[in-house]
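As provided, final-v7.cif (mmCIF, C-alpha atoms and all ligand atoms) reads as follows.
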```
data_data
loop_
_atom_site.label_atom_id
_atom_site.label_comp_id
_atom_site.auth_asym_id
_atom_site.auth_seq_id
_atom_site.Cartn_x
_atom_site.Cartn_y
_atom_site.Cartn_z
CA MET A 1 -77.93 8.01 -51.77
CA CYS A 2 -75.40 5.54 -50.50
CA TYR A 3 -75.06 4.83 -46.80
CA ALA A 4 -71.32 4.38 -47.03
CA ILE A 5 -68.36 6.13 -48.62
CA PRO A 6 -65.88 3.93 -50.51
CA GLY A 7 -62.42 3.67 -48.97
CA LYS A 8 -59.13 3.00 -50.75
CA VAL A 9 -56.95 0.26 -49.30
CA ILE A 10 -53.58 1.81 -48.38
CA GLU A 11 -52.06 -0.78 -46.05
CA ILE A 12 -52.60 -4.50 -45.44
CA ASP A 13 -51.44 -6.51 -42.45
CA ASN A 14 -52.96 -10.01 -42.59
CA ASN A 15 -56.70 -9.46 -42.22
CA ILE A 16 -56.39 -5.88 -40.94
CA CYS A 17 -56.25 -3.12 -43.54
CA LYS A 18 -56.04 0.63 -43.46
CA ILE A 19 -58.40 2.42 -45.78
CA GLU A 20 -58.56 6.07 -46.66
CA TYR A 21 -61.26 8.47 -47.85
CA PHE A 22 -60.91 12.26 -48.09
CA GLY A 23 -57.72 12.14 -46.00
CA ILE A 24 -59.39 10.18 -43.19
CA ILE A 25 -57.69 6.87 -42.40
CA LYS A 26 -59.57 4.00 -40.71
CA LYS A 27 -58.62 0.48 -39.67
CA VAL A 28 -60.90 -2.30 -40.90
CA ARG A 29 -61.02 -6.08 -40.75
CA ASN A 30 -61.18 -8.08 -43.96
CA ASP A 31 -62.62 -11.60 -43.54
CA PHE A 32 -64.12 -12.09 -46.96
CA TYR A 33 -61.98 -10.74 -49.85
CA ASP A 34 -58.63 -11.11 -51.55
CA LEU A 35 -57.45 -7.50 -51.38
CA LYS A 36 -54.43 -5.58 -52.60
CA ILE A 37 -53.27 -2.03 -52.05
CA GLY A 38 -55.20 0.38 -54.27
CA ASP A 39 -58.44 -1.65 -54.18
CA TYR A 40 -61.65 0.10 -53.17
CA VAL A 41 -64.05 -1.28 -50.59
CA TYR A 42 -67.12 -0.50 -48.59
CA ALA A 43 -66.69 -1.08 -44.88
CA GLN A 44 -69.30 -1.10 -42.13
CA GLY A 45 -68.80 -1.45 -38.42
CA GLY A 46 -65.12 -1.96 -39.10
CA PHE A 47 -65.60 -4.88 -41.53
CA VAL A 48 -64.90 -4.86 -45.24
CA ILE A 49 -68.26 -5.89 -46.62
CA GLN A 50 -67.88 -5.25 -50.37
CA LYS A 51 -65.05 -4.89 -52.82
CA ILE A 52 -66.07 -2.47 -55.56
CA PRO A 53 -64.74 -1.70 -59.04
CA LYS A 54 -62.30 1.23 -59.11
CA GLU A 55 -64.33 3.25 -61.65
CA GLU A 56 -67.49 2.93 -59.56
CA ALA A 57 -65.62 3.98 -56.40
CA ILE A 58 -64.02 7.01 -58.05
CA GLU A 59 -67.38 8.08 -59.46
CA THR A 60 -69.04 7.78 -56.02
CA LEU A 61 -66.18 9.61 -54.30
CA LYS A 62 -66.49 12.45 -56.80
CA VAL A 63 -70.15 12.86 -55.93
CA TRP A 64 -69.37 12.75 -52.24
CA GLU A 65 -66.28 14.96 -52.04
CA GLU A 66 -67.70 18.45 -52.19
CA PHE A 67 -70.81 17.45 -50.33
CA PHE A 68 -68.80 15.74 -47.57
CA HIS A 69 -66.88 18.92 -46.72
CA LYS A 70 -70.07 21.01 -46.87
CA LEU A 71 -71.75 18.64 -44.42
CA LYS A 72 -68.80 18.85 -42.06
CA GLU A 73 -69.13 22.63 -41.94
CA ILE A 74 -72.85 22.39 -41.20
CA ASP A 75 -72.19 19.85 -38.45
CA LEU A 76 -69.82 22.24 -36.71
CA ARG A 77 -72.46 24.97 -36.73
CA VAL A 78 -75.54 23.06 -35.49
CA THR A 79 -75.89 22.51 -31.74
CA TYR A 80 -78.57 21.59 -29.27
CA PRO A 81 -80.18 24.78 -28.09
CA SER A 82 -81.12 24.04 -24.51
CA LYS A 83 -78.50 22.32 -22.40
CA ASP A 84 -74.73 22.58 -21.96
CA LEU A 85 -74.50 18.85 -21.22
CA TYR A 86 -75.76 18.07 -24.72
CA LYS A 87 -73.51 20.66 -26.32
CA ILE A 88 -70.45 19.12 -24.64
CA ALA A 89 -71.52 15.61 -25.65
CA ASN A 90 -72.10 16.75 -29.22
CA ARG A 91 -68.67 18.38 -29.36
CA ILE A 92 -67.07 15.13 -28.15
CA ARG A 93 -68.99 13.20 -30.80
CA GLN A 94 -67.58 15.55 -33.44
CA GLU A 95 -64.06 15.13 -32.14
CA TYR A 96 -64.14 11.32 -32.06
CA HIS A 97 -66.42 10.47 -34.96
CA ASP A 98 -66.49 13.53 -37.19
CA ASN A 99 -69.87 13.87 -38.81
CA SER A 100 -70.36 10.21 -39.70
CA CYS A 101 -73.65 8.59 -38.79
CA CYS A 102 -74.35 4.86 -39.19
CA VAL A 103 -77.62 4.16 -40.95
CA HIS A 104 -78.69 0.55 -40.55
CA GLY A 105 -81.82 -1.07 -41.94
CA ILE A 106 -83.94 -3.41 -39.82
CA ILE A 107 -86.15 -6.27 -40.99
CA GLU A 108 -88.57 -7.65 -38.39
CA PHE A 109 -89.26 -11.09 -39.77
CA SER A 110 -91.40 -12.75 -37.07
CA ASN A 111 -93.41 -11.58 -34.07
CA TYR A 112 -93.73 -15.02 -32.48
CA CYS A 113 -91.95 -15.31 -29.16
CA ARG A 114 -91.56 -18.09 -26.62
CA ASN A 115 -90.79 -15.58 -23.85
CA ASN A 116 -92.97 -13.52 -21.64
CA CYS A 117 -91.03 -10.33 -20.90
CA LEU A 118 -93.38 -8.14 -18.91
CA TYR A 119 -92.59 -5.02 -20.93
CA CYS A 120 -93.01 -6.39 -24.45
CA GLY A 121 -96.10 -6.51 -26.66
CA LEU A 122 -94.75 -9.64 -28.39
CA ARG A 123 -94.78 -11.64 -25.13
CA ARG A 124 -96.33 -15.07 -25.58
CA ASP A 125 -99.27 -14.35 -23.25
CA ASN A 126 -100.43 -11.45 -25.40
CA LYS A 127 -103.21 -13.36 -27.11
CA LYS A 128 -104.61 -10.22 -28.74
CA LEU A 129 -101.65 -9.92 -31.08
CA LYS A 130 -102.01 -11.41 -34.55
CA ARG A 131 -98.81 -13.32 -35.21
CA TYR A 132 -96.85 -13.53 -38.47
CA ARG A 133 -93.79 -15.20 -39.86
CA MET A 134 -92.12 -14.14 -43.06
CA GLU A 135 -91.20 -16.87 -45.54
CA LEU A 136 -87.48 -17.51 -45.92
CA ASP A 137 -87.35 -16.27 -49.51
CA GLU A 138 -89.49 -13.28 -48.61
CA ILE A 139 -86.85 -12.29 -46.04
CA VAL A 140 -83.98 -12.93 -48.42
CA ASN A 141 -85.62 -10.99 -51.26
CA LEU A 142 -86.36 -8.06 -48.97
CA ALA A 143 -82.70 -8.05 -47.93
CA PHE A 144 -81.62 -8.10 -51.59
CA TYR A 145 -83.91 -5.15 -52.27
CA ALA A 146 -82.57 -3.24 -49.26
CA ILE A 147 -78.96 -3.83 -50.27
CA LYS A 148 -79.14 -3.62 -54.06
CA LYS A 149 -81.87 -1.06 -54.59
CA LEU A 150 -81.92 1.00 -51.40
CA ASN A 151 -78.13 0.81 -50.95
CA PHE A 152 -78.08 -0.33 -47.33
CA LYS A 153 -74.73 -1.73 -46.20
CA ALA A 154 -75.81 -2.98 -42.77
CA LEU A 155 -78.99 -4.88 -41.96
CA VAL A 156 -80.45 -6.10 -38.68
CA PHE A 157 -82.60 -9.25 -38.87
CA GLN A 158 -84.87 -9.16 -35.83
CA SER A 159 -87.60 -11.39 -34.39
CA GLY A 160 -89.11 -12.64 -31.18
CA GLU A 161 -87.43 -15.74 -29.86
CA ASP A 162 -89.05 -17.92 -32.48
CA LEU A 163 -87.84 -21.53 -32.62
CA TYR A 164 -89.58 -22.07 -35.98
CA TYR A 165 -86.44 -20.53 -37.47
CA ASP A 166 -84.08 -23.36 -36.65
CA ILE A 167 -80.39 -23.59 -37.51
CA ASP A 168 -81.15 -24.70 -41.10
CA LYS A 169 -83.64 -21.93 -41.81
CA LEU A 170 -81.45 -19.22 -40.29
CA SER A 171 -78.41 -20.59 -42.14
CA TYR A 172 -80.35 -20.47 -45.40
CA ILE A 173 -81.17 -16.79 -44.87
CA VAL A 174 -77.64 -15.75 -43.89
CA ARG A 175 -75.93 -17.83 -46.56
CA ARG A 176 -78.16 -16.58 -49.39
CA VAL A 177 -77.83 -12.94 -48.37
CA MET A 178 -74.06 -13.10 -47.86
CA GLU A 179 -73.45 -15.04 -51.07
CA GLU A 180 -75.43 -12.76 -53.30
CA SER A 181 -75.50 -9.35 -51.56
CA PRO A 182 -72.90 -9.09 -48.81
CA CYS A 183 -73.63 -6.63 -46.02
CA LEU A 184 -72.87 -6.23 -42.35
CA LEU A 185 -75.46 -8.78 -41.29
CA ILE A 186 -76.62 -8.30 -37.71
CA LEU A 187 -78.70 -10.89 -35.85
CA SER A 188 -81.29 -9.90 -33.27
CA ILE A 189 -83.02 -13.18 -32.57
CA GLY A 190 -82.81 -13.33 -28.79
CA GLU A 191 -81.08 -16.05 -26.81
CA ARG A 192 -80.51 -19.03 -29.07
CA GLU A 193 -78.04 -21.92 -28.79
CA ILE A 194 -74.41 -20.93 -29.24
CA GLU A 195 -74.08 -23.51 -32.06
CA ILE A 196 -76.57 -21.48 -34.08
CA PHE A 197 -74.53 -18.31 -33.67
CA GLU A 198 -71.31 -20.19 -34.53
CA LYS A 199 -72.85 -21.56 -37.70
CA LEU A 200 -74.26 -18.17 -38.74
CA TYR A 201 -70.86 -16.59 -38.16
CA GLU A 202 -69.37 -19.18 -40.54
CA PHE A 203 -71.88 -18.08 -43.16
CA GLY A 204 -70.87 -14.46 -42.73
CA ALA A 205 -73.07 -12.88 -40.03
CA ARG A 206 -70.86 -10.45 -38.12
CA GLY A 207 -73.08 -8.53 -35.68
CA VAL A 208 -75.46 -9.37 -32.85
CA LEU A 209 -77.94 -6.97 -31.30
CA LEU A 210 -78.87 -8.37 -27.90
CA ARG A 211 -79.64 -6.01 -25.04
CA PHE A 212 -79.09 -7.15 -21.47
CA GLU A 213 -82.13 -4.91 -20.69
CA THR A 214 -81.05 -3.97 -17.15
CA SER A 215 -78.01 -4.60 -15.00
CA ASN A 216 -80.25 -4.66 -11.92
CA GLU A 217 -80.65 -8.39 -11.20
CA LYS A 218 -83.81 -7.96 -9.16
CA ILE A 219 -85.56 -6.02 -11.93
CA TYR A 220 -84.23 -8.36 -14.61
CA GLU A 221 -85.66 -11.46 -12.97
CA LYS A 222 -88.98 -9.77 -12.40
CA MET A 223 -89.22 -8.44 -15.95
CA ARG A 224 -88.03 -11.61 -17.68
CA PRO A 225 -89.67 -14.47 -15.76
CA GLY A 226 -87.60 -17.64 -15.74
CA HIS A 227 -84.47 -15.88 -16.98
CA LYS A 228 -81.24 -14.89 -15.28
CA LEU A 229 -79.19 -11.79 -16.02
CA GLU A 230 -76.01 -13.86 -15.67
CA ASP A 231 -77.04 -16.14 -18.56
CA ARG A 232 -77.77 -13.19 -20.84
CA VAL A 233 -74.48 -11.51 -19.99
CA ASN A 234 -72.53 -14.76 -20.46
CA LEU A 235 -74.13 -15.30 -23.85
CA ILE A 236 -73.15 -11.78 -24.94
CA LYS A 237 -69.57 -12.51 -23.83
CA GLU A 238 -69.52 -15.80 -25.75
CA LEU A 239 -70.80 -14.03 -28.86
CA LYS A 240 -68.04 -11.48 -28.53
CA ASN A 241 -65.51 -14.32 -28.27
CA ILE A 242 -66.82 -15.85 -31.48
CA GLY A 243 -65.92 -12.55 -33.16
CA TYR A 244 -69.30 -10.85 -33.41
CA LEU A 245 -69.63 -7.08 -33.16
CA ILE A 246 -71.80 -6.56 -30.14
CA MET A 247 -74.67 -4.11 -29.99
CA THR A 248 -76.15 -4.10 -26.55
CA GLY A 249 -77.74 -1.91 -23.95
CA PHE A 250 -80.83 -1.50 -21.82
CA LEU A 251 -84.26 -0.06 -21.29
CA ILE A 252 -84.54 3.29 -19.55
CA GLY A 253 -87.34 3.72 -17.03
CA LEU A 254 -88.33 0.13 -16.28
CA PRO A 255 -90.57 -0.04 -13.21
CA GLY A 256 -88.44 -0.27 -10.07
CA GLU A 257 -85.42 1.43 -11.66
CA GLU A 258 -83.19 2.65 -8.85
CA GLU A 259 -80.80 5.53 -8.41
CA GLY A 260 -77.52 4.48 -9.96
CA ASP A 261 -79.02 1.85 -12.29
CA ILE A 262 -78.43 3.90 -15.42
CA LEU A 263 -74.79 4.44 -14.61
CA ASN A 264 -74.42 0.72 -13.90
CA ASN A 265 -76.15 -0.05 -17.19
CA LEU A 266 -73.73 2.19 -19.08
CA THR A 267 -70.78 0.59 -17.29
CA LEU A 268 -71.97 -2.91 -18.18
CA THR A 269 -72.56 -1.94 -21.82
CA ASN A 270 -68.97 -0.76 -21.97
CA GLU A 271 -67.59 -3.80 -20.12
CA LEU A 272 -69.28 -6.08 -22.64
CA GLY A 273 -67.22 -4.41 -25.36
CA ALA A 274 -70.21 -2.99 -27.19
CA GLU A 275 -69.42 -1.75 -30.67
CA MET A 276 -72.70 0.07 -30.50
CA PHE A 277 -74.66 1.23 -27.45
CA SER A 278 -78.36 0.48 -27.92
CA PHE A 279 -80.57 1.85 -25.17
CA GLY A 280 -83.94 3.50 -25.25
CA PRO A 281 -87.02 4.37 -23.25
CA PHE A 282 -89.44 1.75 -22.00
CA ILE A 283 -92.84 2.50 -23.58
CA PRO A 284 -95.78 0.76 -21.86
CA HIS A 285 -97.91 -1.51 -24.02
CA PRO A 286 -101.65 -1.73 -23.18
CA ASP A 287 -101.74 -5.54 -23.48
CA THR A 288 -98.93 -6.24 -21.04
CA PRO A 289 -98.75 -6.36 -17.23
CA LEU A 290 -96.91 -3.00 -17.31
CA LYS A 291 -99.75 -1.16 -19.05
CA ASP A 292 -100.32 1.28 -16.18
CA PHE A 293 -96.74 2.49 -15.88
CA SER A 294 -95.43 5.64 -17.57
CA PRO A 295 -92.53 6.02 -19.96
CA PRO A 296 -89.54 8.01 -18.73
CA PRO A 297 -89.31 11.69 -19.66
CA MET A 298 -87.45 12.49 -22.87
CA GLU A 299 -84.90 14.48 -20.91
CA LYS A 300 -83.81 11.37 -19.01
CA VAL A 301 -83.14 9.56 -22.28
CA LEU A 302 -81.21 12.50 -23.73
CA ASP A 303 -79.20 12.83 -20.52
CA THR A 304 -78.29 9.14 -20.81
CA ILE A 305 -77.11 9.60 -24.40
CA ALA A 306 -75.00 12.58 -23.36
CA GLN A 307 -73.53 10.72 -20.36
CA ALA A 308 -72.70 7.72 -22.55
CA ARG A 309 -70.94 9.96 -25.06
CA ILE A 310 -68.92 11.76 -22.38
CA LEU A 311 -67.96 8.55 -20.55
CA TYR A 312 -67.24 6.47 -23.66
CA PRO A 313 -66.35 8.89 -26.44
CA ASN A 314 -65.31 6.16 -28.88
CA SER A 315 -68.62 4.35 -28.79
CA LYS A 316 -71.30 4.39 -31.42
CA ILE A 317 -74.59 5.38 -29.85
CA LEU A 318 -77.91 4.59 -31.43
CA VAL A 319 -81.00 6.77 -31.36
CA THR A 320 -83.65 4.09 -30.89
CA THR A 321 -86.98 4.38 -32.64
CA ALA A 322 -88.72 4.41 -29.23
CA MET A 323 -87.38 7.96 -28.84
CA GLN A 324 -89.45 8.93 -31.84
CA THR A 325 -92.50 7.55 -30.07
CA LEU A 326 -91.75 9.80 -27.08
CA ASP A 327 -91.24 12.80 -29.34
CA LYS A 328 -92.46 12.09 -32.86
CA LYS A 329 -91.39 15.40 -34.32
CA GLU A 330 -87.96 15.86 -32.83
CA GLY A 331 -86.90 12.64 -31.06
CA LEU A 332 -84.37 11.65 -33.68
CA LYS A 333 -82.89 15.12 -34.06
CA LYS A 334 -82.61 15.64 -30.32
CA GLY A 335 -80.89 12.28 -29.84
CA LEU A 336 -78.38 13.04 -32.60
CA LEU A 337 -77.62 16.46 -31.10
CA ALA A 338 -77.17 15.03 -27.60
CA GLY A 339 -74.26 12.83 -28.68
CA ALA A 340 -75.71 9.91 -30.68
CA ASN A 341 -74.32 8.92 -34.08
CA SER A 342 -76.33 5.96 -35.34
CA LEU A 343 -79.88 5.20 -36.36
CA MET A 344 -82.00 2.48 -37.88
CA ILE A 345 -84.59 2.64 -40.61
CA ASN A 346 -87.40 0.13 -40.44
CA LEU A 347 -87.68 -1.84 -43.69
CA THR A 348 -90.31 -4.35 -42.53
CA PRO A 349 -93.18 -4.51 -45.04
CA LYS A 350 -96.17 -2.44 -43.86
CA GLU A 351 -98.50 -5.40 -43.36
CA TYR A 352 -96.08 -6.95 -40.88
CA ALA A 353 -94.62 -3.82 -39.28
CA SER A 354 -97.97 -2.89 -37.72
CA LEU A 355 -98.04 -6.35 -36.09
CA TYR A 356 -94.51 -6.08 -34.70
CA GLU A 357 -95.97 -4.12 -31.87
CA ILE A 358 -93.32 -4.21 -29.14
CA TYR A 359 -94.89 -0.98 -27.91
CA PRO A 360 -97.68 1.15 -29.36
CA ASN A 361 -97.35 4.09 -31.77
CA ARG A 362 -94.09 3.01 -33.31
CA ASP A 363 -92.84 5.78 -35.53
CA GLY A 364 -92.94 5.50 -39.32
CA ILE A 365 -95.09 2.37 -39.43
CA GLY A 366 -97.22 2.28 -42.57
CA GLU A 367 -95.12 4.95 -44.28
CA ASP A 368 -93.62 4.28 -47.66
CA VAL A 369 -90.01 3.18 -47.17
CA ASN A 370 -88.58 5.52 -49.81
CA LYS A 371 -90.36 8.47 -48.21
CA LYS A 372 -89.06 7.43 -44.80
CA ILE A 373 -85.50 7.16 -46.09
CA LYS A 374 -85.75 10.55 -47.78
CA GLU A 375 -87.03 12.21 -44.61
CA ILE A 376 -84.21 10.76 -42.55
CA ILE A 377 -81.49 11.57 -45.07
CA ASP A 378 -82.85 15.14 -45.37
CA LEU A 379 -82.66 15.49 -41.59
CA LEU A 380 -79.09 14.13 -41.54
CA HIS A 381 -78.09 16.63 -44.18
CA LYS A 382 -79.69 19.48 -42.26
CA LEU A 383 -77.62 18.43 -39.26
CA GLY A 384 -74.49 18.06 -41.38
CA ARG A 385 -74.18 14.31 -40.92
CA ALA A 386 -72.81 11.96 -43.55
CA PRO A 387 -74.49 8.57 -43.55
CA ALA A 388 -71.33 6.51 -43.26
CA ASP A 389 -69.78 4.00 -40.92
CA ILE A 390 -66.37 2.86 -41.84
CA GLY A 391 -63.74 2.04 -39.31
CA LEU A 392 -62.92 0.13 -36.16
N1 LIG B 1 -86.48 -11.04 -28.98
C1 LIG B 1 -85.22 -10.42 -29.11
C2 LIG B 1 -84.72 -9.90 -27.79
O1 LIG B 1 -85.49 -9.79 -26.85
O2 LIG B 1 -83.53 -9.62 -27.73
C3 LIG B 1 -85.21 -9.30 -30.13
C4 LIG B 1 -86.50 -8.57 -30.32
S1 LIG B 1 -86.97 -7.56 -28.95
C5 LIG B 1 -88.54 -7.03 -29.44
C6 LIG B 1 -85.94 -6.14 -29.17
C7 LIG B 1 -85.92 -5.18 -28.03
O3 LIG B 1 -87.18 -4.55 -27.89
C8 LIG B 1 -85.64 -5.73 -26.66
O4 LIG B 1 -84.28 -5.90 -26.44
C9 LIG B 1 -86.27 -4.69 -25.74
O5 LIG B 1 -85.31 -3.86 -25.12
C10 LIG B 1 -87.14 -3.85 -26.69
N2 LIG B 1 -88.50 -3.68 -26.13
C11 LIG B 1 -89.38 -4.64 -25.82
N3 LIG B 1 -90.48 -4.10 -25.27
C12 LIG B 1 -90.30 -2.78 -25.24
C13 LIG B 1 -91.09 -1.66 -24.77
N4 LIG B 1 -92.27 -1.85 -24.22
N5 LIG B 1 -90.57 -0.41 -24.88
C14 LIG B 1 -89.36 -0.22 -25.46
N6 LIG B 1 -88.58 -1.22 -25.91
C15 LIG B 1 -89.04 -2.49 -25.81
FE1 LIG B 2 -89.72 -11.89 -26.79
FE2 LIG B 2 -87.72 -10.17 -27.13
FE3 LIG B 2 -90.23 -9.34 -26.57
FE4 LIG B 2 -88.84 -10.57 -24.68
S1 LIG B 2 -88.33 -8.59 -25.64
S2 LIG B 2 -90.99 -10.99 -25.23
S3 LIG B 2 -87.67 -12.04 -25.88
S4 LIG B 2 -89.55 -10.36 -28.39
#
```
Whole structure, structure tokens version:
Amino acid sequence: MCYAIPGKVIEIDNNICKIEYFGIIKKVRNDFYDLKIGDYVYAQGGFVIQKIPKEEAIETLKVWEEFFHKLKEIDLRVTYPSKDLYKIANRIRQEYHDNSCCVHGIIEFSNYCRNNCLYCGLRRDNKKLKRYRMELDEIVNLAFYAIKKLNFKALVFQSGEDLYYDIDKLSYIVRRVMEESPCLLILSIGEREIEIFEKLYEFGARGVLLRFETSNEKIYEKMRPGHKLEDRVNLIKELKNIGYLIMTGFLIGLPGEEEGDILNNLTLTNELGAEMFSFGPFIPHPDTPLKDFSPPPMEKVLDTIAQARILYPNSKILVTTAMQTLDKKEGLKKGLLAGANSLMINLTPKEYASLYEIYPNRDGIGEDVNKKIKEIIDLLHKLGRAPADIGL
């Protein structure tokens, strides 16, 4: 199964092209290839990430065509059973995004962190946690496997704020991956110097996942000792100016959350020009100062997804894995039916994934990756969603 549908280039205007698949036309940006009309490409997050041979594209499109229309019909039939708000949000999602659903892979390459966020199990004062760092070639080879063998087109590289990975090491990873197996490469490495992000952009990284966590300054400063919300927000703006696709958002249910905070969080996510909204429930970790607090109810998270969809219909909205911790059986499905249209599959090797314990009981940890992918793709098909993410 391929997590993207090939598009045919039908118009070119400098580095902006129009591509078409099954009568659907999308605008994409081409930073990497010499393209002409009639070429076939894979695009992700609005970027052309691979040029593919015509025969291969036609073959893939043939496989997809009948299935694509079948999925669309299923999507129109399936709705959330319990709440009108979710039904409306789901209908808006269909109208603006059809049945496409972004499927990104995530590689968690280090659990070292210099920070001490109160909510996070990776915080530096958590001395109980066994720390790991993946070798550079181990990371690169895992990315090659994800792209070449598992067919992922977009990968998130995530870690604690770990200075061991300096500009040279990070550049090595990005350069090797982009030279040999181009993908939409998304960085989630916390707040690092802007020069690092500039350099990694030069090597082909095009996305950053960096949540602002909360738009409530008081809570932010309490939760992230020694940090200011303004600095985080300014960094996200600078990254946007460099040209990165921004994935950002917040935690739902942080202690002290006030009436109106969620709406303000959604507004800020939108103001920051997020390509993808990434928000999810706070899940207390037993080895953090917030161990005695409770996570928010699932309904609050679903309501937030639905509100985001209604307020910002064009946005991509991620179902975060923390939702599957709140509701292991149905978290993902419920999120997708309440208006979300993106998800991530954890590709971190088992021996490390269990140590990347941001919060306890992370879903899918220890499961075989192929089994995990199959389960998720089966669910998407049952819901009538096509794993694809093409245009701007
Ligand atoms: N260190 C980077 C950063 O903070 O941006 C990236 C890794 S960090 C573990 C990724 C995200 O995990 C954070 O943005 C935060 O929202 C989320 N997170 C941390 N602790 C969490 C918890 N207890 N429950 C749910 N999400 C949590
Ligand atoms: Fe470190 Fe990110 Fe966890 Fe904060 S949320 S402690 S920066 S890994």
Residues near Cys120 of chain A, anyone? I mean within 8 Å using only C-alpha atoms, not counting same-chain ones fewer than 6 positions away, as a VMD selection string. chain A and resid 285 288 358 to 359
Restricted to C-alpha atoms, what would the selected residues look like written as a CSV table (one decimal), keeping the file's coordinate frame?
```csv
chain,number,residue,atom,x,y,z
A,285,HIS,CA,-97.9,-1.5,-24.0
A,288,THR,CA,-98.9,-6.2,-21.0
A,358,ILE,CA,-93.3,-4.2,-29.1
A,359,TYR,CA,-94.9,-1.0,-27.9
```
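If you measure from each of A:Thr60, A:Thr79, A:Ser181, A:Ser110 to ligand LIG 2 (chain B) using only C-alpha atoms and all ligand atoms, the closest one turns out to be A:Ser110.
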Counting only C-alpha atoms and all ligand atoms, name the residues that have an atom within 8 Å of an atom of ligand LIG 2 (chain B); the answer should be given as a PyMOL selection string. chain A and resi 111-124+159-161+189-191+224+358
Set the distance at 7 Å and use all atoms listed in the file: which residues neighbour segment 86-95 of chain A once local chain neighbours fewer than 4 positions away are removed? I'd like the list as an MDAnalysis selection string. chainID A and resid 79:80 99 306 309:310 313 337:339
Would you list the contacts of Phe68 of chain A as a PyMOL selection string, taking every protein, DNA or RNA residue within 9 Å and counting all atoms listed in the file, but skipping same-chain residues closer than 6 positions in sequence? chain A and resi 22+384-386
Just-selected residues, C-alpha atoms written as a compact mmCIF listing (two decimals), in the frame of the given file:
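For reference, part.txt as written:
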```txt
# COMPACT_ATOMS: atom_id res chain seq x y z
CA PHE A 22 -60.91 12.26 -48.09
CA GLY A 384 -74.49 18.06 -41.38
CA ARG A 385 -74.18 14.31 -40.92
CA ALA A 386 -72.81 11.96 -43.55
```
Selection: 7 Å around segment 3-8 of chain A, only C-alpha atoms, excl. self and same-chain fewer than 3 positions, as a list in words: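 Residues meeting the cut-off are Ile19, Glu20, Tyr21, Gly38, Asp39, Tyr40, Val41, Tyr42, Ala57, Leu61, Val103, Asn151, Phe152, Lys153, Pro387, Ala388 and Asp389 of chain A.
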What does the structure give for the distance between atom CA of Gly207 of chain A and atom CA of Ile147 of chain A, in Å to one decimal? 16.4 Å
Centre and edge lengths of an axis-aligned box around all listed atoms of ligand LIG 1 (chain B), with 8 Å added on each side, are to be given in Å to one decimal, as JSON.
```
{"center_x": -87.9, "center_y": -5.6, "center_z": -27.3, "size_x": 24.7, "size_y": 26.8, "size_z": 22.1}
```
Which residues are near Pro360 of chain A? Cut-off 12 Å, all atoms listed in the file, ignore same chain within fewer than 3 positions. Put them as a list in words.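 Contacts, in chain order: Tyr119, Cys120, Gly121, Leu122, Leu129, Phe282, Ile283, Pro284, His285, Pro286, Asp287, Thr288, Lys291, Pro295, Thr321, Ala322, Gln324, Thr325, Leu326, Ala353, Ser354, Leu355, Tyr356, Glu357, Asp363, Gly364 and Ile365 of chain A.
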My list of candidates is A:Phe157, A:Phe203, A:Phe250, A:Phe277. Which is closest to ligand LIG 1 (chain B) when distances are computed with only C-alpha atoms and all ligand atoms?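 That would be A:Phe250, the residue with the smallest distance to ligand LIG 1 (chain B).
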Pick from A:Leu343, A:Met134, A:Met223, A:Leu266: nearest to ligand LIG 1 (chain B), with only C-alpha atoms and all ligand atoms counted?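 So, comparing all the options, the nearest one is A:Met223.
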One residue among A:Lys51, A:Arg211, A:Lys128, A:Lys149 is nearest to ligand LIG 1 (chain B) when using all atoms listed in the file, and that residue is A:Arg211
Local residues around (-76.9, -4.8, -47.0), at most 9 Å away, using only C-alpha atoms, as a ChimeraX atom specification: /A:49,104-105,143-148,150-155,177-178,181-185
Atomic distance atom CA of Gly46 of chain A - atom CA of Leu136 of chain A, expressed in Å with one decimal: 28.1 Å
Find the residue from A:Leu380, A:Ile194, A:Val140, A:Ala205 that sits nearest to Arg176 of chain A; use only C-alpha atoms when measuring.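 Using only C-alpha atoms, Arg176 of chain A sits closest to A:Val140.
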Using all atoms listed in the file, the shortest atom-to-atom distance to ligand LIG 1 (chain B) among A:Leu318, A:Val208, A:Val369, A:Leu379 belongs to A:Val208
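Picture a line from atom CA of Lys374 of chain A to atom CA of Lys26 of chain A; it runs 27.9 Å.
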